[in-house]
$ cat final.txt   # compact mmCIF, C-alpha atoms
# COMPACT_ATOMS: atom_id res chain seq x y z
CA MET A 1 100.65 111.41 124.90
CA THR A 2 97.30 112.77 125.98
CA THR A 3 93.97 112.33 124.29
CA THR A 4 93.63 116.03 123.54
CA GLU A 5 96.38 115.77 120.92
CA LEU A 6 94.29 113.39 118.86
CA PRO A 7 92.26 115.10 116.19
CA ARG A 8 88.56 115.72 116.07
CA PHE A 9 86.66 115.50 112.84
CA LYS A 10 84.10 117.67 111.19
CA ARG A 11 80.96 115.75 110.47
CA GLY A 12 79.65 115.40 106.94
CA ARG A 13 82.79 114.92 104.88
CA ALA A 14 83.03 111.13 105.05
CA PRO A 15 79.51 110.42 103.71
CA LEU A 16 80.25 112.64 100.71
CA LEU A 17 83.50 110.79 100.03
CA GLY A 18 81.58 107.53 100.45
CA LEU A 19 78.99 108.60 97.92
CA VAL A 20 81.61 109.63 95.36
CA THR A 21 83.43 106.33 95.93
CA LEU A 22 80.23 104.34 95.44
CA ILE A 23 79.45 106.14 92.18
CA ILE A 24 82.92 105.50 90.74
CA LEU A 25 82.88 101.87 91.92
CA VAL A 26 79.50 101.26 90.25
CA ALA A 27 80.71 103.00 87.08
CA GLY A 28 83.87 100.88 87.08
CA ALA A 29 81.94 97.65 87.59
CA MET A 30 79.46 98.53 84.84
CA ALA A 31 82.28 99.45 82.47
CA GLY A 32 84.12 96.21 83.24
CA LEU A 33 81.03 94.05 82.80
CA LEU A 34 79.16 95.82 80.02
CA ALA A 35 81.19 98.46 78.17
CA VAL A 36 83.97 96.23 76.87
CA PRO A 37 83.98 92.77 75.33
CA ALA A 38 85.69 89.88 77.09
CA ASP A 39 89.23 88.91 76.07
CA ALA A 40 89.48 86.99 72.81
CA LEU A 41 91.47 84.13 74.30
CA GLN A 42 90.26 83.84 77.89
CA GLY A 43 86.63 84.85 77.50
CA GLU A 44 84.53 86.13 80.38
CA VAL A 45 86.94 85.20 83.19
CA GLN A 46 89.35 87.88 81.99
CA ARG A 47 86.96 90.48 83.46
CA LEU A 48 88.30 89.46 86.87
CA MET A 49 91.26 91.64 85.94
CA TYR A 50 89.14 94.74 86.61
CA VAL A 51 88.94 93.83 90.30
CA HIS A 52 92.03 91.66 90.85
CA VAL A 53 94.51 94.31 89.67
CA PRO A 54 92.88 97.26 91.54
CA ALA A 55 92.70 95.15 94.73
CA ALA A 56 96.43 94.42 94.46
CA TRP A 57 97.14 98.10 93.80
CA LEU A 58 95.09 99.14 96.84
CA ALA A 59 96.91 96.63 99.07
CA MET A 60 100.34 97.85 97.99
CA LEU A 61 99.32 101.49 98.35
CA ALA A 62 98.07 100.73 101.86
CA PHE A 63 101.35 99.06 102.86
CA PHE A 64 103.32 101.97 101.42
CA VAL A 65 101.31 104.28 103.68
CA VAL A 66 102.13 101.98 106.63
CA PHE A 67 105.82 102.31 105.72
CA VAL A 68 105.75 106.12 105.48
CA MET A 69 103.74 106.49 108.69
CA SER A 70 106.10 104.10 110.51
CA VAL A 71 109.13 106.18 109.50
CA LEU A 72 107.32 109.37 110.55
CA TYR A 73 106.36 107.83 113.87
CA LEU A 74 109.92 106.86 114.72
CA ILE A 75 111.10 110.38 113.91
CA GLN A 76 108.32 112.39 115.56
CA ARG A 77 106.69 109.95 118.04
CA ASP A 78 103.28 111.38 117.22
CA PRO A 79 100.55 108.80 118.03
CA ARG A 80 98.52 109.93 115.04
CA TRP A 81 101.08 108.42 112.65
CA ASP A 82 100.76 105.11 114.49
CA LEU A 83 96.98 105.17 114.22
CA ILE A 84 97.10 105.93 110.50
CA ALA A 85 99.61 103.09 110.07
CA VAL A 86 97.47 100.47 111.79
CA SER A 87 94.35 101.60 109.92
CA SER A 88 96.18 101.27 106.62
CA ALA A 89 97.68 97.90 107.57
CA GLU A 90 94.25 96.42 108.28
CA ILE A 91 92.84 97.65 104.97
CA GLY A 92 95.94 96.34 103.17
CA ILE A 93 95.43 92.89 104.72
CA VAL A 94 91.80 92.73 103.62
CA PHE A 95 92.71 93.64 100.06
CA THR A 96 95.73 91.34 99.90
CA ALA A 97 93.43 88.49 100.88
CA LEU A 98 90.92 89.65 98.26
CA THR A 99 93.68 89.77 95.63
CA LEU A 100 94.67 86.19 96.46
CA VAL A 101 91.08 84.93 96.34
CA LEU A 102 90.29 86.70 93.05
CA GLY A 103 93.60 85.52 91.60
CA SER A 104 92.82 81.98 92.63
CA LEU A 105 89.39 82.15 90.99
CA TRP A 106 91.07 83.44 87.84
CA GLY A 107 93.88 80.89 88.00
CA LYS A 108 91.77 77.75 88.08
CA PRO A 109 90.08 78.21 84.68
CA THR A 110 93.12 79.76 82.94
CA TRP A 111 96.22 78.14 84.48
CA GLY A 112 94.45 74.97 85.54
CA VAL A 113 95.30 75.31 89.24
CA TRP A 114 93.90 77.29 92.18
CA TRP A 115 97.38 77.78 93.59
CA THR A 116 101.02 77.14 92.78
CA TRP A 117 104.16 78.14 94.68
CA ASP A 118 105.49 80.46 92.02
CA PRO A 119 107.44 83.56 93.15
CA ARG A 120 104.55 86.02 92.66
CA LEU A 121 102.06 83.96 94.63
CA THR A 122 104.57 83.01 97.30
CA THR A 123 105.80 86.57 97.93
CA THR A 124 102.19 87.77 98.06
CA ALA A 125 101.34 85.14 100.66
CA ILE A 126 104.43 86.25 102.63
CA MET A 127 103.22 89.86 102.39
CA LEU A 128 99.89 88.84 103.90
CA MET A 129 101.64 87.03 106.75
CA ILE A 130 103.99 89.95 107.49
CA TYR A 131 101.08 92.33 108.06
CA VAL A 132 99.00 89.80 109.96
CA GLY A 133 102.11 89.46 112.14
CA TYR A 134 102.13 93.24 112.48
CA LEU A 135 98.63 93.12 113.96
CA VAL A 136 99.48 90.16 116.19
CA VAL A 137 102.50 92.00 117.64
CA ARG A 138 100.30 95.03 118.31
CA SER A 139 97.80 92.93 120.19
CA PHE A 140 100.55 91.70 122.54
CA ALA A 141 101.90 95.13 123.47
CA GLU A 142 100.01 96.71 126.33
CA ASP A 143 101.86 100.00 126.50
CA PRO A 144 100.67 102.24 123.62
CA GLU A 145 104.09 103.77 123.02
CA LYS A 146 105.89 100.46 123.01
CA ARG A 147 103.22 99.05 120.70
CA ALA A 148 103.66 101.95 118.30
CA ARG A 149 107.44 101.61 118.31
CA TRP A 150 107.48 97.85 117.73
CA SER A 151 104.91 97.99 114.99
CA ALA A 152 106.68 100.93 113.31
CA ILE A 153 109.79 98.78 113.03
CA ILE A 154 107.77 95.93 111.49
CA GLY A 155 106.03 98.44 109.22
CA ILE A 156 109.42 99.51 107.88
CA VAL A 157 111.25 96.19 107.70
CA GLY A 158 108.16 94.31 106.50
CA PHE A 159 107.76 96.70 103.58
CA VAL A 160 110.84 95.08 102.01
CA ASP A 161 108.56 92.40 100.60
CA VAL A 162 106.17 94.81 98.85
CA PRO A 163 108.45 95.91 95.98
CA ILE A 164 109.63 92.29 95.74
CA VAL A 165 106.01 91.20 95.15
CA TYR A 166 105.72 93.70 92.33
CA LEU A 167 109.08 92.87 90.76
CA SER A 168 108.82 89.08 91.28
CA VAL A 169 107.30 88.53 87.84
CA LEU A 170 110.13 90.49 86.23
CA TRP A 171 113.00 88.99 88.25
CA TRP A 172 112.04 85.36 88.30
CA ARG A 173 110.34 82.73 86.21
CA THR A 174 106.72 82.54 87.28
CA LEU A 175 103.42 81.06 86.20
CA HIS A 176 101.86 84.46 86.84
CA GLN A 177 102.17 86.72 83.81
CA PRO A 178 104.19 89.96 83.97
CA PRO A 179 102.25 93.23 84.36
CA SER A 180 100.21 94.27 81.35
CA SER A 181 100.90 97.63 79.77
CA PRO A 182 99.04 99.76 77.22
CA ARG A 183 101.24 98.04 74.65
CA SER A 184 100.13 94.52 75.60
CA MET A 185 96.49 95.38 76.17
CA ALA A 186 93.74 96.84 73.97
CA GLY A 187 93.17 100.56 74.64
CA GLU A 188 89.57 100.18 75.77
CA PHE A 189 90.62 97.57 78.34
CA VAL A 190 93.29 99.96 79.66
CA TYR A 191 90.73 102.73 80.24
CA VAL A 192 88.34 100.43 82.07
CA LEU A 193 91.19 99.10 84.21
CA LEU A 194 92.35 102.63 85.07
CA LEU A 195 88.79 103.61 85.99
CA ASN A 196 88.63 100.69 88.40
CA VAL A 197 92.06 101.50 89.82
CA ALA A 198 90.78 105.03 90.47
CA ALA A 199 87.62 103.61 92.08
CA PHE A 200 89.64 101.41 94.43
CA THR A 201 91.90 104.34 95.29
CA PHE A 202 88.81 106.32 96.37
CA LEU A 203 87.65 103.26 98.27
CA TYR A 204 90.98 103.21 100.10
CA ALA A 205 90.63 106.88 101.04
CA TYR A 206 87.09 106.32 102.28
CA LEU A 207 87.96 103.24 104.31
CA MET A 208 90.98 105.06 105.76
CA VAL A 209 88.86 107.98 106.98
CA ARG A 210 86.42 105.58 108.62
CA ARG A 211 89.03 103.27 110.09
CA TYR A 212 91.23 106.11 111.35
CA ARG A 213 88.32 107.66 113.24
CA LEU A 214 87.70 104.31 114.84
CA ALA A 215 91.40 104.03 115.73
CA VAL A 216 91.28 107.45 117.39
CA ALA A 217 88.18 106.49 119.36
CA GLU A 218 89.81 103.20 120.41
CA ARG A 219 92.91 105.04 121.49
CA GLN A 220 90.92 107.57 123.54
CA LEU A 221 89.06 104.75 125.24
CA GLU A 222 92.37 103.07 126.01
CA GLU A 223 93.78 106.29 127.49
CA LEU A 224 90.73 106.57 129.72
CA ARG A 225 91.08 103.00 130.87
CA LEU A 226 94.79 103.36 131.55
CA SER A 227 94.30 106.55 133.56
CA ARG A 228 91.56 104.90 135.62
CA GLU A 229 93.79 101.94 136.34
CA ASP A 230 96.54 104.34 137.40
CA ARG A 231 94.22 106.02 139.89
CA GLY A 232 92.83 102.69 141.10
CA GLY A 233 96.35 101.38 141.74
CA ARG A 234 97.40 104.24 143.97
CA MET B 1 117.24 114.21 120.69
CA ASN B 2 114.96 114.73 117.69
CA ARG B 3 117.95 114.86 115.42
CA ARG B 4 119.07 111.52 116.85
CA LYS B 5 115.67 110.01 116.18
CA MET B 6 115.77 111.32 112.66
CA TRP B 7 119.08 109.58 112.12
CA ILE B 8 117.67 106.36 113.56
CA GLY B 9 114.79 106.65 111.10
CA LEU B 10 117.08 107.33 108.17
CA GLY B 11 119.34 104.47 109.27
CA LEU B 12 116.38 102.08 109.27
CA VAL B 13 115.38 103.19 105.79
CA ALA B 14 118.95 102.65 104.60
CA ILE B 15 119.04 99.17 106.19
CA VAL B 16 115.77 98.22 104.52
CA GLY B 17 117.10 99.44 101.18
CA ALA B 18 120.27 97.42 101.61
CA VAL B 19 118.32 94.31 102.61
CA VAL B 20 116.11 94.65 99.52
CA LEU B 21 119.13 94.88 97.25
CA LEU B 22 120.98 92.02 98.92
CA VAL B 23 118.06 89.63 99.32
CA ALA B 24 116.69 90.35 95.90
CA GLY B 25 120.11 90.22 94.29
CA GLY B 26 120.83 86.86 95.90
CA LEU B 27 117.42 85.41 95.24
CA ARG B 28 117.52 86.47 91.61
CA GLU B 29 120.23 83.93 91.03
CA ASN B 30 118.78 81.14 93.11
CA VAL B 31 115.01 81.03 92.81
CA VAL B 32 114.00 78.89 89.88
CA TYR B 33 110.32 78.07 89.59
CA PHE B 34 110.80 75.89 86.54
CA LEU B 35 113.65 74.60 84.38
CA THR B 36 113.75 75.05 80.62
CA PRO B 37 114.11 71.94 78.45
CA THR B 38 117.71 72.97 77.67
CA GLU B 39 118.57 73.22 81.38
CA LEU B 40 116.85 69.93 82.16
CA GLU B 41 118.66 68.10 79.40
CA ALA B 42 122.00 69.52 80.59
CA LYS B 43 121.32 68.17 84.09
CA GLY B 44 120.39 64.80 82.62
CA ALA B 45 120.99 61.80 84.89
CA GLU B 46 121.50 64.09 87.89
CA VAL B 47 117.76 64.78 88.16
CA TYR B 48 116.19 61.49 87.01
CA GLY B 49 113.13 60.82 89.13
CA ALA B 50 113.41 64.05 91.14
CA PRO B 51 110.20 66.09 91.43
CA LEU B 52 110.55 69.30 89.43
CA ARG B 53 108.84 71.74 87.10
CA LEU B 54 109.54 72.15 83.42
CA GLY B 55 108.44 75.22 81.45
CA GLY B 56 108.29 76.04 77.76
CA GLN B 57 105.95 76.14 74.77
CA VAL B 58 103.77 73.37 73.44
CA LYS B 59 105.33 72.49 70.09
CA PRO B 60 102.77 72.97 67.30
CA GLU B 61 101.34 69.72 65.89
CA SER B 62 102.84 67.65 68.68
CA VAL B 63 99.72 67.23 70.80
CA ASP B 64 98.25 63.75 71.03
CA TRP B 65 95.26 63.54 73.37
CA ASN B 66 93.51 60.26 73.90
CA ALA B 67 90.19 60.96 75.59
CA GLU B 68 89.48 57.28 76.26
CA SER B 69 92.68 56.42 78.09
CA GLY B 70 93.07 60.01 79.39
CA ARG B 71 96.64 60.09 78.14
CA LEU B 72 98.14 63.33 76.89
CA LEU B 73 101.36 63.42 74.87
CA PHE B 74 103.05 66.54 73.59
CA VAL B 75 106.48 68.02 72.99
CA ILE B 76 107.67 70.96 75.09
CA THR B 77 110.22 73.33 73.58
CA ASP B 78 112.19 76.46 74.47
CA GLY B 79 113.11 77.04 70.85
CA GLU B 80 116.37 75.21 71.33
CA THR B 81 115.67 71.88 72.98
CA GLU B 82 112.57 69.69 72.60
CA LEU B 83 111.44 67.17 75.18
CA PRO B 84 108.52 64.74 75.05
CA VAL B 85 105.99 65.09 77.88
CA GLU B 86 103.54 62.41 78.96
CA SER B 87 100.64 63.33 81.20
CA SER B 88 97.36 61.90 82.37
CA GLY B 89 94.05 63.67 82.59
CA ALA B 90 92.55 66.48 80.55
CA PRO B 91 94.71 69.60 80.30
CA PRO B 92 93.31 73.04 81.27
CA ALA B 93 90.92 74.51 78.70
CA MET B 94 93.46 77.09 77.58
CA PHE B 95 96.01 74.41 76.71
CA SER B 96 96.77 74.68 73.00
CA GLU B 97 99.59 74.40 70.51
CA GLY B 98 102.18 77.15 70.81
CA MET B 99 100.93 78.03 74.31
CA GLY B 100 103.29 78.47 77.25
CA VAL B 101 103.03 75.66 79.81
CA VAL B 102 104.60 74.64 83.10
CA VAL B 103 104.43 70.92 83.88
CA GLU B 104 105.06 69.27 87.24
CA GLY B 105 106.50 65.80 87.40
CA SER B 106 109.84 64.13 86.88
CA TYR B 107 112.36 63.42 84.15
CA ARG B 108 112.71 59.74 83.36
CA GLU B 109 115.70 57.80 82.12
CA ASP B 110 114.00 57.18 78.78
CA GLY B 111 114.12 60.94 78.12
CA VAL B 112 110.39 61.46 78.64
CA PHE B 113 109.08 63.93 81.20
CA ARG B 114 106.31 62.22 83.16
CA SER B 115 103.89 64.91 84.34
CA HIS B 116 101.07 64.73 86.84
CA ASN B 117 100.04 68.35 86.45
CA VAL B 118 99.91 70.57 83.37
CA MET B 119 99.55 74.32 83.96
CA VAL B 120 99.00 76.93 81.27
CA LYS B 121 101.14 80.06 81.37
CA HIS B 122 99.17 82.69 79.51
CA SER B 123 100.65 85.98 78.36
CA ASN B 124 99.90 89.50 79.58
CA GLU B 125 98.18 90.34 76.30
CA TYR B 126 94.48 91.12 76.26
CA ARG B 127 92.35 92.17 73.31
CA PRO B 128 88.72 92.05 72.24
CA PRO B 129 87.73 89.24 69.85
CA GLU B 130 87.95 90.10 66.18
CA GLU B 131 84.95 89.74 63.92
CA GLY B 132 83.83 86.13 63.66
CA GLU B 133 86.06 85.11 66.55
CA HIS B 134 84.30 83.54 69.51
CA PRO B 135 86.07 83.50 72.84
CA LYS B 136 86.02 80.09 74.44
CA GLU B 137 83.75 80.03 77.41
CA ILE B 138 86.39 78.35 79.45
CA TYR B 139 84.59 78.63 82.73
CA ARG B 140 81.84 76.52 81.20
CA SER B 141 84.18 73.92 79.79
CA LEU B 142 85.80 73.84 83.22
CA VAL B 143 82.48 73.01 84.84
CA ASP B 144 81.82 70.38 82.18
CA ASP B 145 85.27 68.86 82.66
CA GLU B 146 84.79 68.58 86.37
CA ALA B 147 81.31 67.11 85.98
CA GLY B 148 82.51 64.59 83.41
CA ARG B 149 85.26 63.23 85.62

$ encode --input "final.txt" --output "structure tokens"
Amino acid sequence: MTTTELPRFKRGRAPLLGLVTLIILVAGAMAGLLAVPADALQGEVQRLMYVHVPAAWLAMLAFFVVFVMSVLYLIQRDPRWDLIAVSSAEIGIVFTALTLVLGSLWGKPTWGVWWTWDPRLTTTAIMLMIYVGYLVVRSFAEDPEKRARWSAIIGIVGFVDVPIVYLSVLWWRTLHQPPSSPRSMAGEFVYVLLLNVAAFTFLYAYLMVRRYRLAVAERQLEELRLSREDRGGR
Amino acid sequence: MNRRKMWIGLGLVAIVGAVVLLVAGGLRENVVYFLTPTELEAKGAEVYGAPLRLGGQVKPESVDWNAESGRLLFVITDGETELPVESSGAPPAMFSEGMGVVVEGSYREDGVFRSHNVMVKHSNEYRPPEEGEHPKEIYRSLVDDEAGR
């Protein structure tokens, strides 16, 4: 594939998306901290929900995008799908780690432990390792097409764990509670949570735009380097 | 050629789907994070002394906490079977009667579960405090607990 097939971007859109994202994030944080009272039983720590849950949502959304882009890549062999996949995988890793850290901070005061090997926590840790492995495999492959093909396969097979993470609390006995619903949670809490989920979804879109541009630039640089090496070798 | 690739893609998706169903179906039967008191009692002598987790509710009015010796006694129940639990050290701040708990330790021959770690399993219910109700500031009591130890 040649560099000319990679897209160019119009300037000016990303900062606007960034601004909108920032506004919704600030609104979500303010709502979570100020607009609603803390939970009757847990007290102030329960407010961690307004970042822990959206972070987990963002991570799973990101890995779903990796899955879709991996399937598309194997069908069409378009390098753009590969670059979107790796961008999304990196963002997913960051937010999986954030979910684990926030969950741990929430777990200590409520459960009494920072960590326990229950099915939800264990499958989430496995999810983190699968996508770190995805990046490691990429770093070993020198040929861009081979790299894209290998990682697409991991992006598809590795996604198996993502629905398992979500369903773990329903399938198995866990220390982690099952997902809350509007029936198990006060209405005002639900709205604030949804606002923060929306904010993190915008954040994902913004980070994707930024990271994808970087991926395209990296790829173009790599193409240049490879073509120079080709000439130098002859 | 493209058609072939499409089939490869679809095949991979089908394989992943099958793996999910198989793995999950198999694991559903086999992964047990904790035993219930009824299951533990049924196993009886088989599991004496083995490290395991036991989950259930704290039976109301069964909690006996001795702050001086640091000994905690309570009865864990699944609504069917009740088992006495003995633990050392202060329980998490959310530990209370009727609350779900998971305890780590081992079942002894005298029928008491000796625990070295009590964890609180809270529900997925969240609501604002009602009038006159004051949420416990558990993060503060946590800090105090740690400092006092």

$ closest_residue --input "final.txt" --among "B:Tyr107, B:Phe113, B:Tyr33, B:Tyr48" --to "chain A" --atoms "all atoms listed in the file"
B:Tyr33

$ atom_distance --input "final.txt" --atom1 "CA of His116 in chain B" --atom2 "CA of Trp111 in chain A"
14.5 Å

$ residues_around --input "final.txt" --residues "Ala85 in chain A" --least-positions-apart "5" --cutoff "7 Å" --atoms "all atoms listed in the file" --output "PyMOL selection string"
chain A and resi 65-66+69-70

$ write_last_selection --input "final.txt" --atoms "C-alpha atoms" --output "compact mmCIF listing (two decimals), keeping the file's coordinate frame"
# COMPACT_ATOMS: atom_id res chain seq x y z
CA VAL A 65 101.31 104.28 103.68
CA VAL A 66 102.13 101.98 106.63
CA MET A 69 103.74 106.49 108.69
CA SER A 70 106.10 104.10 110.51

$ interface_residues --input "final.txt" --of "chain A" --to "chain B" --cutoff "9 Å" --atoms "all atoms listed in the file" --output "MDAnalysis selection string"
chainID A and resid 36:46 71:76 108:113 117:119 153 156:161 163:164 171:181 183:189

$ residues_around --input "final.txt" --residues "Pro15 in chain A" --least-positions-apart "2" --cutoff "12 Å" --atoms "all atoms listed in the file" --output "short mmCIF file (atom, residue, chain, number, x, y, z; two decimals) with C-alpha atoms, keeping the file's coordinate frame"
data_model
loop_
_atom_site.label_atom_id
_atom_site.label_comp_id
_atom_site.auth_asym_id
_atom_site.auth_seq_id
_atom_site.Cartn_x
_atom_site.Cartn_y
_atom_site.Cartn_z
CA LYS A 10 84.10 117.67 111.19
CA ARG A 11 80.96 115.75 110.47
CA GLY A 12 79.65 115.40 106.94
CA ARG A 13 82.79 114.92 104.88
CA LEU A 17 83.50 110.79 100.03
CA GLY A 18 81.58 107.53 100.45
CA LEU A 19 78.99 108.60 97.92
CA VAL A 20 81.61 109.63 95.36
CA THR A 21 83.43 106.33 95.93
CA LEU A 22 80.23 104.34 95.44
CA ALA A 205 90.63 106.88 101.04
CA TYR A 206 87.09 106.32 102.28
CA LEU A 207 87.96 103.24 104.31
CA VAL A 209 88.86 107.98 106.98
CA ARG A 210 86.42 105.58 108.62
#

$ residues_around --input "final.txt" --residues "Ala62 in chain A" --least-positions-apart "6" --cutoff "12 Å" --atoms "all atoms listed in the file" --output "PyMOL selection string"
chain A and resi 55-56+68-69+84-96+131+155+159+162+200-201+203-205+207-208

$ atom_distance --input "final.txt" --atom1 "CA of Leu105 in chain A" --atom2 "CA of Gly32 in chain A"
16.9 Å

$ residues_around --input "final.txt" --residues "Leu72 in chain B" --least-positions-apart "5" --cutoff "10 Å" --atoms "all atoms listed in the file" --output "PDB file with C-alpha atoms, keeping the file's coordinate frame"
ATOM      1  CA  VAL B  63      99.720  67.230  70.800  1.00  0.00           C
ATOM      2  CA  ASP B  64      98.250  63.750  71.030  1.00  0.00           C
ATOM      3  CA  TRP B  65      95.260  63.540  73.370  1.00  0.00           C
ATOM      4  CA  ASN B  66      93.510  60.260  73.900  1.00  0.00           C
ATOM      5  CA  ALA B  67      90.190  60.960  75.590  1.00  0.00           C
ATOM      6  CA  VAL B  85     105.990  65.090  77.880  1.00  0.00           C
ATOM      7  CA  GLU B  86     103.540  62.410  78.960  1.00  0.00           C
ATOM      8  CA  SER B  87     100.640  63.330  81.200  1.00  0.00           C
ATOM      9  CA  SER B  88      97.360  61.900  82.370  1.00  0.00           C
ATOM     10  CA  GLY B  89      94.050  63.670  82.590  1.00  0.00           C
ATOM     11  CA  ALA B  90      92.550  66.480  80.550  1.00  0.00           C
ATOM     12  CA  PRO B  91      94.710  69.600  80.300  1.00  0.00           C
ATOM     13  CA  SER B 115     103.890  64.910  84.340  1.00  0.00           C
ATOM     14  CA  VAL B 118      99.910  70.570  83.370  1.00  0.00           C
TER      15      VAL B 118
END

$ residues_near_point --input "final.txt" --point "(83.3, 104.5, 82.5)" --cutoff "12 Å" --atoms "only C-alpha atoms" --output "PDB file with C-alpha atoms, in the frame of the given file"
ATOM      1  CA  ILE A  23      79.450 106.140  92.180  1.00  0.00           C
ATOM      2  CA  ILE A  24      82.920 105.500  90.740  1.00  0.00           C
ATOM      3  CA  LEU A  25      82.880 101.870  91.920  1.00  0.00           C
ATOM      4  CA  VAL A  26      79.500 101.260  90.250  1.00  0.00           C
ATOM      5  CA  ALA A  27      80.710 103.000  87.080  1.00  0.00           C
ATOM      6  CA  GLY A  28      83.870 100.880  87.080  1.00  0.00           C
ATOM      7  CA  ALA A  29      81.940  97.650  87.590  1.00  0.00           C
ATOM      8  CA  MET A  30      79.460  98.530  84.840  1.00  0.00           C
ATOM      9  CA  ALA A  31      82.280  99.450  82.470  1.00  0.00           C
ATOM     10  CA  GLY A  32      84.120  96.210  83.240  1.00  0.00           C
ATOM     11  CA  LEU A  33      81.030  94.050  82.800  1.00  0.00           C
ATOM     12  CA  LEU A  34      79.160  95.820  80.020  1.00  0.00           C
ATOM     13  CA  ALA A  35      81.190  98.460  78.170  1.00  0.00           C
ATOM     14  CA  VAL A  36      83.970  96.230  76.870  1.00  0.00           C
ATOM     15  CA  GLU A 188      89.570 100.180  75.770  1.00  0.00           C
ATOM     16  CA  PHE A 189      90.620  97.570  78.340  1.00  0.00           C
ATOM     17  CA  VAL A 190      93.290  99.960  79.660  1.00  0.00           C
ATOM     18  CA  TYR A 191      90.730 102.730  80.240  1.00  0.00           C
ATOM     19  CA  VAL A 192      88.340 100.430  82.070  1.00  0.00           C
ATOM     20  CA  LEU A 193      91.190  99.100  84.210  1.00  0.00           C
ATOM     21  CA  LEU A 194      92.350 102.630  85.070  1.00  0.00           C
ATOM     22  CA  LEU A 195      88.790 103.610  85.990  1.00  0.00           C
ATOM     23  CA  ASN A 196      88.630 100.690  88.400  1.00  0.00           C
ATOM     24  CA  VAL A 197      92.060 101.500  89.820  1.00  0.00           C
ATOM     25  CA  ALA A 198      90.780 105.030  90.470  1.00  0.00           C
ATOM     26  CA  ALA A 199      87.620 103.610  92.080  1.00  0.00           C
TER      27      ALA A 199
END

$ atom_distance --input "final.txt" --atom1 "CA of Val132 in chain A" --atom2 "CA of Arg147 in chain A"
14.8 Å

$ decode --input "final.txt" --residues "range 33-48 of chain A" --atoms "N, CA and C atoms" --output "compact mmCIF listing (two decimals), in the first residue's frame"
# COMPACT_ATOMS: atom_id res chain seq x y z
N LEU A 33 -20.23 15.38 41.38
CA LEU A 33 -19.70 15.81 42.67
C LEU A 33 -20.66 16.71 43.44
N LEU A 34 -21.46 17.49 42.71
CA LEU A 34 -22.24 18.53 43.37
C LEU A 34 -23.76 18.37 43.25
N ALA A 35 -24.23 17.88 42.09
CA ALA A 35 -25.68 17.93 41.83
C ALA A 35 -26.46 16.85 42.57
N VAL A 36 -25.79 15.75 42.89
CA VAL A 36 -26.52 14.66 43.56
C VAL A 36 -25.86 14.34 44.91
N PRO A 37 -26.68 13.88 45.86
CA PRO A 37 -26.08 13.46 47.14
C PRO A 37 -25.34 12.14 46.97
N ALA A 38 -24.48 11.84 47.95
CA ALA A 38 -23.78 10.56 47.92
C ALA A 38 -24.74 9.45 48.33
N ASP A 39 -24.40 8.22 48.00
CA ASP A 39 -25.24 7.07 48.32
C ASP A 39 -25.45 6.95 49.83
N ALA A 40 -26.67 6.52 50.19
CA ALA A 40 -27.03 6.45 51.61
C ALA A 40 -26.16 5.48 52.39
N LEU A 41 -25.78 4.38 51.75
CA LEU A 41 -25.04 3.34 52.45
C LEU A 41 -23.53 3.54 52.37
N GLN A 42 -23.04 3.85 51.18
CA GLN A 42 -21.60 3.92 50.96
C GLN A 42 -21.00 5.29 51.26
N GLY A 43 -21.82 6.33 51.17
CA GLY A 43 -21.28 7.67 51.36
C GLY A 43 -20.52 8.15 50.13
N GLU A 44 -19.57 9.06 50.38
CA GLU A 44 -18.90 9.77 49.28
C GLU A 44 -18.20 8.86 48.27
N VAL A 45 -17.66 7.73 48.72
CA VAL A 45 -16.91 6.88 47.77
C VAL A 45 -17.75 6.42 46.59
N GLN A 46 -19.07 6.36 46.79
CA GLN A 46 -19.95 5.88 45.72
C GLN A 46 -19.83 6.76 44.48
N ARG A 47 -19.40 8.02 44.66
CA ARG A 47 -19.27 8.92 43.50
C ARG A 47 -18.22 8.41 42.50
N LEU A 48 -17.38 7.52 42.93
CA LEU A 48 -16.42 6.91 42.00
C LEU A 48 -17.13 6.22 40.84
